[in-house]
Amino acid sequence: MISERVYTVWDDAPAPNRGGDVNISKARGYPYDEDWELHSYPIGNGYMGANIFGRTDVERIQLTEKTLANEGLYGIGGLTSFAELNLEFNHEDPIQYMRSININDAMAYVTYNYKNVAYTRTHFMSYPDNVMVIKLSANAKGKISFVLKPEISYLRKAYEKNARTGKMTVDNNTITISGFIDHFSVNYEGQIKVINTGGTLKAIQNGEQSEITVSNADSVVLLVAAGTNYELSEALFLEDEHKKN
C-alpha cells in the first residue's frame, strides 16, 4: 500500500503583526501591509478568504469577501478587507509552538503549550455553507479564555472619497458587522457567532466597539459569515466600454 503524500506548510513562530501602520513598508511608493502579505497563512473557499497570523498574544484574522471591493490606493479597484477578527489570548512566550496549513484537507492549525496546557486552534472554510469555522480547544477543561474584538477596516465618512460606513452590535453570543461601501454601492453584513462548551460568555457594547468575553470554557467554536447585496448582471458585459468609464 502506498500512503497518501501529505503536503504541509509550517512555521515555528507566529506571523509578525505591526498593526495598522501600513506606512512601515511601501511598494512603488504606496503603503502595503508587509506582515499580512509575506507572513500570514491564507485559507479560502472561493466565496470568502481569511489570512491567519497564528499569534498567541492577540490573534489577527483578516477577512475578505468576494463582492466587497473598493477603488483602492492604486485607483484601479479590487477586493478590500471585510473585517479583522482580533482574539485577545494574552499567552506570552509559549513553548512547542507551530502554525501550519495542511494542503490536502485545506485546514490551518495553531498549536502550542502555555503554562503546562496544550492549546489547538483549527480553521477551515466551508464552501457549501459559506462560513469560516474556527475551533479552539485544550487538553484540560476550563482553559479557554479570550476576548473577541472585531474591527471594521478602512472606515470613511459618507462624504469622503471611497466612502465606507459601518457599525458593530452584539447580542448574546453574536457580533454583527454591517455598513455601506460606495464602490458598487453595496450594503454589507457579517456575523461572528461564539458557541462555547462549558465556561461563560459576556457580551459587551463599549461605544462603537462590540466584544464577547469567553471565560474558562472547555472548547469554543466560532462561525463567521459575510456577504453583500451585490448582484452580478449579464448587462454588465453588454454595456459599451465607454459608458462604463
# chains A, B, ... in the order shown; residues from 1 in each chain; ligands from 1
>>> closest_atom_pairs(of="stretch 6-95 of chain A", to="stretch 188-199 of chain A", cutoff="9 Å", atoms="only C-alpha atoms", output="JSON lines")
{"residue": "A:Leu68", "atom": "CA", "partner": "A:Tyr188", "partner_atom": "CA", "distance": 7.6}
{"residue": "A:Phe82", "atom": "CA", "partner": "A:Gly190", "partner_atom": "CA", "distance": 8.4}
{"residue": "A:Ala83", "atom": "CA", "partner": "A:Gly190", "partner_atom": "CA", "distance": 8.5}
>>> residues_around(residues="A:Thr169", least_positions_apart="3", cutoff="12 Å", atoms="only C-alpha atoms", output="PDB file with N, CA, C and O atoms, in the first residue's frame")
ATOM      1  N   LYS A 149     -12.714  40.737  19.627  1.00  0.00           N
ATOM      2  CA  LYS A 149     -12.889  42.168  19.345  1.00  0.00           C
ATOM      3  C   LYS A 149     -12.700  42.407  17.844  1.00  0.00           C
ATOM      4  O   LYS A 149     -11.582  42.638  17.389  1.00  0.00           O
ATOM      5  N   PRO A 150     -13.777  42.348  17.051  1.00  0.00           N
ATOM      6  CA  PRO A 150     -13.645  42.603  15.616  1.00  0.00           C
ATOM      7  C   PRO A 150     -13.325  44.074  15.342  1.00  0.00           C
ATOM      8  O   PRO A 150     -13.507  44.951  16.193  1.00  0.00           O
ATOM      9  N   GLU A 151     -12.873  44.324  14.131  1.00  0.00           N
ATOM     10  CA  GLU A 151     -12.556  45.678  13.693  1.00  0.00           C
ATOM     11  C   GLU A 151     -13.012  45.837  12.250  1.00  0.00           C
ATOM     12  O   GLU A 151     -12.753  44.961  11.416  1.00  0.00           O
ATOM     13  N   ILE A 152     -13.704  46.928  11.938  1.00  0.00           N
ATOM     14  CA  ILE A 152     -14.106  47.217  10.560  1.00  0.00           C
ATOM     15  C   ILE A 152     -12.992  48.021   9.899  1.00  0.00           C
ATOM     16  O   ILE A 152     -12.566  49.056  10.415  1.00  0.00           O
ATOM     17  N   GLY A 166     -19.871  51.932   8.644  1.00  0.00           N
ATOM     18  CA  GLY A 166     -20.086  50.647   9.290  1.00  0.00           C
ATOM     19  C   GLY A 166     -20.310  50.781  10.779  1.00  0.00           C
ATOM     20  O   GLY A 166     -19.971  51.798  11.387  1.00  0.00           O
ATOM     21  N   ASN A 172     -26.163  38.666  22.783  1.00  0.00           N
ATOM     22  CA  ASN A 172     -25.873  37.349  23.359  1.00  0.00           C
ATOM     23  C   ASN A 172     -24.536  36.820  22.854  1.00  0.00           C
ATOM     24  O   ASN A 172     -23.491  37.327  23.226  1.00  0.00           O
ATOM     25  N   ASN A 173     -24.557  35.836  21.957  1.00  0.00           N
ATOM     26  CA  ASN A 173     -23.303  35.205  21.520  1.00  0.00           C
ATOM     27  C   ASN A 173     -22.914  35.568  20.091  1.00  0.00           C
ATOM     28  O   ASN A 173     -22.089  34.887  19.472  1.00  0.00           O
ATOM     29  N   THR A 174     -23.489  36.649  19.530  1.00  0.00           N
ATOM     30  CA  THR A 174     -23.243  37.001  18.129  1.00  0.00           C
ATOM     31  C   THR A 174     -22.910  38.481  17.979  1.00  0.00           C
ATOM     32  O   THR A 174     -23.628  39.340  18.498  1.00  0.00           O
ATOM     33  N   ILE A 175     -21.821  38.753  17.271  1.00  0.00           N
ATOM     34  CA  ILE A 175     -21.467  40.124  16.891  1.00  0.00           C
ATOM     35  C   ILE A 175     -21.803  40.309  15.418  1.00  0.00           C
ATOM     36  O   ILE A 175     -21.423  39.495  14.578  1.00  0.00           O
ATOM     37  N   THR A 176     -22.528  41.384  15.120  1.00  0.00           N
ATOM     38  CA  THR A 176     -22.915  41.700  13.745  1.00  0.00           C
ATOM     39  C   THR A 176     -22.189  42.953  13.282  1.00  0.00           C
ATOM     40  O   THR A 176     -22.170  43.966  13.978  1.00  0.00           O
ATOM     41  N   ILE A 177     -21.580  42.857  12.105  1.00  0.00           N
ATOM     42  CA  ILE A 177     -20.900  43.976  11.452  1.00  0.00           C
ATOM     43  C   ILE A 177     -21.714  44.343  10.219  1.00  0.00           C
ATOM     44  O   ILE A 177     -22.026  43.471   9.400  1.00  0.00           O
ATOM     45  N   SER A 178     -22.076  45.606  10.067  1.00  0.00           N
ATOM     46  CA  SER A 178     -22.885  45.996   8.908  1.00  0.00           C
ATOM     47  C   SER A 178     -22.530  47.408   8.475  1.00  0.00           C
ATOM     48  O   SER A 178     -22.035  48.212   9.266  1.00  0.00           O
ATOM     49  N   GLY A 179     -22.792  47.699   7.193  1.00  0.00           N
ATOM     50  CA  GLY A 179     -22.497  49.031   6.697  1.00  0.00           C
ATOM     51  C   GLY A 179     -22.717  49.137   5.205  1.00  0.00           C
ATOM     52  O   GLY A 179     -23.345  48.277   4.573  1.00  0.00           O
ATOM     53  N   GLU A 189     -22.776  42.874   5.344  1.00  0.00           N
ATOM     54  CA  GLU A 189     -23.025  42.426   6.709  1.00  0.00           C
ATOM     55  C   GLU A 189     -22.241  41.153   6.981  1.00  0.00           C
ATOM     56  O   GLU A 189     -22.138  40.277   6.122  1.00  0.00           O
ATOM     57  N   GLY A 190     -21.701  41.070   8.173  1.00  0.00           N
ATOM     58  CA  GLY A 190     -21.022  39.865   8.622  1.00  0.00           C
ATOM     59  C   GLY A 190     -21.429  39.553  10.044  1.00  0.00           C
ATOM     60  O   GLY A 190     -21.805  40.441  10.815  1.00  0.00           O
ATOM     61  N   GLN A 191     -21.370  38.285  10.391  1.00  0.00           N
ATOM     62  CA  GLN A 191     -21.712  37.870  11.747  1.00  0.00           C
ATOM     63  C   GLN A 191     -20.667  36.877  12.251  1.00  0.00           C
ATOM     64  O   GLN A 191     -20.195  36.022  11.498  1.00  0.00           O
ATOM     65  N   ILE A 192     -20.320  37.027  13.529  1.00  0.00           N
ATOM     66  CA  ILE A 192     -19.427  36.089  14.201  1.00  0.00           C
ATOM     67  C   ILE A 192     -20.184  35.513  15.384  1.00  0.00           C
ATOM     68  O   ILE A 192     -20.555  36.249  16.305  1.00  0.00           O
ATOM     69  N   ALA A 203     -21.290  39.461  26.720  1.00  0.00           N
ATOM     70  CA  ALA A 203     -21.367  40.385  25.591  1.00  0.00           C
ATOM     71  C   ALA A 203     -21.253  41.811  26.101  1.00  0.00           C
ATOM     72  O   ALA A 203     -21.938  42.205  27.057  1.00  0.00           O
ATOM     73  N   ILE A 204     -20.418  42.610  25.454  1.00  0.00           N
ATOM     74  CA  ILE A 204     -20.182  43.990  25.883  1.00  0.00           C
ATOM     75  C   ILE A 204     -20.275  44.906  24.671  1.00  0.00           C
ATOM     76  O   ILE A 204     -19.639  44.654  23.637  1.00  0.00           O
ATOM     77  N   GLN A 205     -21.060  45.985  24.798  1.00  0.00           N
ATOM     78  CA  GLN A 205     -21.087  47.041  23.790  1.00  0.00           C
ATOM     79  C   GLN A 205     -20.407  48.255  24.411  1.00  0.00           C
ATOM     80  O   GLN A 205     -20.965  48.937  25.263  1.00  0.00           O
ATOM     81  N   ASN A 206     -19.180  48.507  23.996  1.00  0.00           N
ATOM     82  CA  ASN A 206     -18.384  49.599  24.559  1.00  0.00           C
ATOM     83  C   ASN A 206     -18.273  50.708  23.522  1.00  0.00           C
ATOM     84  O   ASN A 206     -17.345  50.743  22.721  1.00  0.00           O
ATOM     85  N   GLY A 207     -19.266  51.616  23.515  1.00  0.00           N
ATOM     86  CA  GLY A 207     -19.322  52.631  22.471  1.00  0.00           C
ATOM     87  C   GLY A 207     -19.580  51.987  21.128  1.00  0.00           C
ATOM     88  O   GLY A 207     -20.563  51.268  20.957  1.00  0.00           O
ATOM     89  N   GLU A 208     -18.681  52.205  20.163  1.00  0.00           N
ATOM     90  CA  GLU A 208     -18.832  51.603  18.838  1.00  0.00           C
ATOM     91  C   GLU A 208     -18.214  50.212  18.762  1.00  0.00           C
ATOM     92  O   GLU A 208     -18.359  49.534  17.750  1.00  0.00           O
ATOM     93  N   GLN A 209     -17.518  49.798  19.811  1.00  0.00           N
ATOM     94  CA  GLN A 209     -16.841  48.501  19.807  1.00  0.00           C
ATOM     95  C   GLN A 209     -17.701  47.430  20.462  1.00  0.00           C
ATOM     96  O   GLN A 209     -18.166  47.590  21.583  1.00  0.00           O
ATOM     97  N   SER A 210     -17.921  46.330  19.733  1.00  0.00           N
ATOM     98  CA  SER A 210     -18.629  45.169  20.271  1.00  0.00           C
ATOM     99  C   SER A 210     -17.610  44.111  20.663  1.00  0.00           C
ATOM    100  O   SER A 210     -16.653  43.853  19.924  1.00  0.00           O
ATOM    101  N   GLU A 211     -17.827  43.470  21.816  1.00  0.00           N
ATOM    102  CA  GLU A 211     -16.899  42.465  22.309  1.00  0.00           C
ATOM    103  C   GLU A 211     -17.667  41.292  22.915  1.00  0.00           C
ATOM    104  O   GLU A 211     -18.778  41.462  23.403  1.00  0.00           O
ATOM    105  N   ILE A 212     -17.039  40.125  22.873  1.00  0.00           N
ATOM    106  CA  ILE A 212     -17.533  38.961  23.610  1.00  0.00           C
ATOM    107  C   ILE A 212     -16.362  38.381  24.381  1.00  0.00           C
ATOM    108  O   ILE A 212     -15.320  38.064  23.798  1.00  0.00           O
TER     109      ILE A 212
END
>>> residues_around(residues="A:Tyr112", least_positions_apart="3", cutoff="6 Å", atoms="only C-alpha atoms", output="list in words")
Ile95, Gln96, Tyr97, Ala118 and Tyr119 of chain A
>>> closest_residue(among="A:Phe89, A:Trp36, A:Tyr47, A:Tyr230", to="A:Phe146", atoms="only C-alpha atoms")
A:Phe89
>>> atom_distance(atom1="atom CA of A:Val224", atom2="atom CA of A:Ala140")
25.7 Å
>>> select_by_dssp(residues="stretch 9-239 of chain A", states="helix (DSSP H, G or I)", output="PyMOL selection string")
chain A and resi 22-24+34-39+234-237
>>> residues_around(residues="A:Asn139", least_positions_apart="3", cutoff="12 Å", atoms="only C-alpha atoms", output="list in words")
Thr111, Tyr112, Asn113, Tyr114, Lys115, Asn116, Val117, Ala118, Tyr119, Thr120, Arg121, Leu136, Gly142, Lys143, Ile144, Ala217, Asp218 and Ser219 of chain A
>>> closest_atom_pairs(of="stretch 212-241 of chain A", to="stretch 49-63 of chain A", cutoff="12 Å", atoms="only C-alpha atoms", output="JSON lines")
{"residue": "A:Val224", "atom": "CA", "partner": "A:Leu63", "partner_atom": "CA", "distance": 9.4}
{"residue": "A:Ala225", "atom": "CA", "partner": "A:Leu63", "partner_atom": "CA", "distance": 9.9}
{"residue": "A:Ala226", "atom": "CA", "partner": "A:Leu63", "partner_atom": "CA", "distance": 8.8}
{"residue": "A:Gly227", "atom": "CA", "partner": "A:Leu63", "partner_atom": "CA", "distance": 11.2}
>>> decode(residues="stretch 193-213 of chain A", atoms="N, CA, C and O atoms", output="mmCIF file, in the first residue's frame")
data_model
loop_
_atom_site.group_PDB
_atom_site.id
_atom_site.type_symbol
_atom_site.label_atom_id
_atom_site.label_comp_id
_atom_site.auth_asym_id
_atom_site.auth_seq_id
_atom_site.Cartn_x
_atom_site.Cartn_y
_atom_site.Cartn_z
ATOM 1 N N LYS A 193 -20.435 34.215 15.340
ATOM 2 C CA LYS A 193 -21.183 33.550 16.401
ATOM 3 C C LYS A 193 -20.223 32.718 17.251
ATOM 4 O O LYS A 193 -19.397 31.981 16.720
ATOM 5 N N VAL A 194 -20.359 32.851 18.567
ATOM 6 C CA VAL A 194 -19.490 32.158 19.504
ATOM 7 C C VAL A 194 -20.284 31.043 20.187
ATOM 8 O O VAL A 194 -21.285 31.305 20.856
ATOM 9 N N ILE A 195 -19.847 29.807 20.011
ATOM 10 C CA ILE A 195 -20.525 28.648 20.608
ATOM 11 C C ILE A 195 -19.556 28.000 21.596
ATOM 12 O O ILE A 195 -18.544 27.428 21.191
ATOM 13 N N ASN A 196 -19.857 28.096 22.868
ATOM 14 C CA ASN A 196 -18.947 27.583 23.884
ATOM 15 C C ASN A 196 -19.460 26.294 24.499
ATOM 16 O O ASN A 196 -20.663 26.075 24.649
ATOM 17 N N THR A 197 -18.535 25.418 24.849
ATOM 18 C CA THR A 197 -18.824 24.241 25.663
ATOM 19 C C THR A 197 -18.191 24.483 27.030
ATOM 20 O O THR A 197 -16.964 24.575 27.146
ATOM 21 N N GLY A 198 -19.019 24.632 28.044
ATOM 22 C CA GLY A 198 -18.522 24.987 29.362
ATOM 23 C C GLY A 198 -18.157 26.451 29.442
ATOM 24 O O GLY A 198 -18.143 27.177 28.446
ATOM 25 N N GLY A 199 -17.866 26.913 30.645
ATOM 26 C CA GLY A 199 -17.469 28.294 30.834
ATOM 27 C C GLY A 199 -18.613 29.273 30.654
ATOM 28 O O GLY A 199 -19.789 28.893 30.638
ATOM 29 N N THR A 200 -18.267 30.545 30.494
ATOM 30 C CA THR A 200 -19.271 31.605 30.384
ATOM 31 C C THR A 200 -18.936 32.558 29.244
ATOM 32 O O THR A 200 -17.774 32.685 28.839
ATOM 33 N N LEU A 201 -19.988 33.228 28.739
ATOM 34 C CA LEU A 201 -19.843 34.280 27.739
ATOM 35 C C LEU A 201 -20.371 35.584 28.319
ATOM 36 O O LEU A 201 -21.359 35.598 29.050
ATOM 37 N N LYS A 202 -19.734 36.692 27.950
ATOM 38 C CA LYS A 202 -20.214 38.005 28.342
ATOM 39 C C LYS A 202 -20.151 38.933 27.142
ATOM 40 O O LYS A 202 -19.076 39.140 26.571
ATOM 41 N N ALA A 203 -21.290 39.461 26.720
ATOM 42 C CA ALA A 203 -21.367 40.385 25.591
ATOM 43 C C ALA A 203 -21.253 41.811 26.101
ATOM 44 O O ALA A 203 -21.938 42.205 27.057
ATOM 45 N N ILE A 204 -20.418 42.610 25.454
ATOM 46 C CA ILE A 204 -20.182 43.990 25.883
ATOM 47 C C ILE A 204 -20.275 44.906 24.671
ATOM 48 O O ILE A 204 -19.639 44.654 23.637
ATOM 49 N N GLN A 205 -21.060 45.985 24.798
ATOM 50 C CA GLN A 205 -21.087 47.041 23.790
ATOM 51 C C GLN A 205 -20.407 48.255 24.411
ATOM 52 O O GLN A 205 -20.965 48.937 25.263
ATOM 53 N N ASN A 206 -19.180 48.507 23.996
ATOM 54 C CA ASN A 206 -18.384 49.599 24.559
ATOM 55 C C ASN A 206 -18.273 50.708 23.522
ATOM 56 O O ASN A 206 -17.345 50.743 22.721
ATOM 57 N N GLY A 207 -19.266 51.616 23.515
ATOM 58 C CA GLY A 207 -19.322 52.631 22.471
ATOM 59 C C GLY A 207 -19.580 51.987 21.128
ATOM 60 O O GLY A 207 -20.563 51.268 20.957
ATOM 61 N N GLU A 208 -18.681 52.205 20.163
ATOM 62 C CA GLU A 208 -18.832 51.603 18.838
ATOM 63 C C GLU A 208 -18.214 50.212 18.762
ATOM 64 O O GLU A 208 -18.359 49.534 17.750
ATOM 65 N N GLN A 209 -17.518 49.798 19.811
ATOM 66 C CA GLN A 209 -16.841 48.501 19.807
ATOM 67 C C GLN A 209 -17.701 47.430 20.462
ATOM 68 O O GLN A 209 -18.166 47.590 21.583
ATOM 69 N N SER A 210 -17.921 46.330 19.733
ATOM 70 C CA SER A 210 -18.629 45.169 20.271
ATOM 71 C C SER A 210 -17.610 44.111 20.663
ATOM 72 O O SER A 210 -16.653 43.853 19.924
ATOM 73 N N GLU A 211 -17.827 43.470 21.816
ATOM 74 C CA GLU A 211 -16.899 42.465 22.309
ATOM 75 C C GLU A 211 -17.667 41.292 22.915
ATOM 76 O O GLU A 211 -18.778 41.462 23.403
ATOM 77 N N ILE A 212 -17.039 40.125 22.873
ATOM 78 C CA ILE A 212 -17.533 38.961 23.610
ATOM 79 C C ILE A 212 -16.362 38.381 24.381
ATOM 80 O O ILE A 212 -15.320 38.064 23.798
ATOM 81 N N THR A 213 -16.536 38.274 25.682
ATOM 82 C CA THR A 213 -15.514 37.684 26.544
ATOM 83 C C THR A 213 -15.894 36.248 26.862
ATOM 84 O O THR A 213 -17.001 35.978 27.325
#
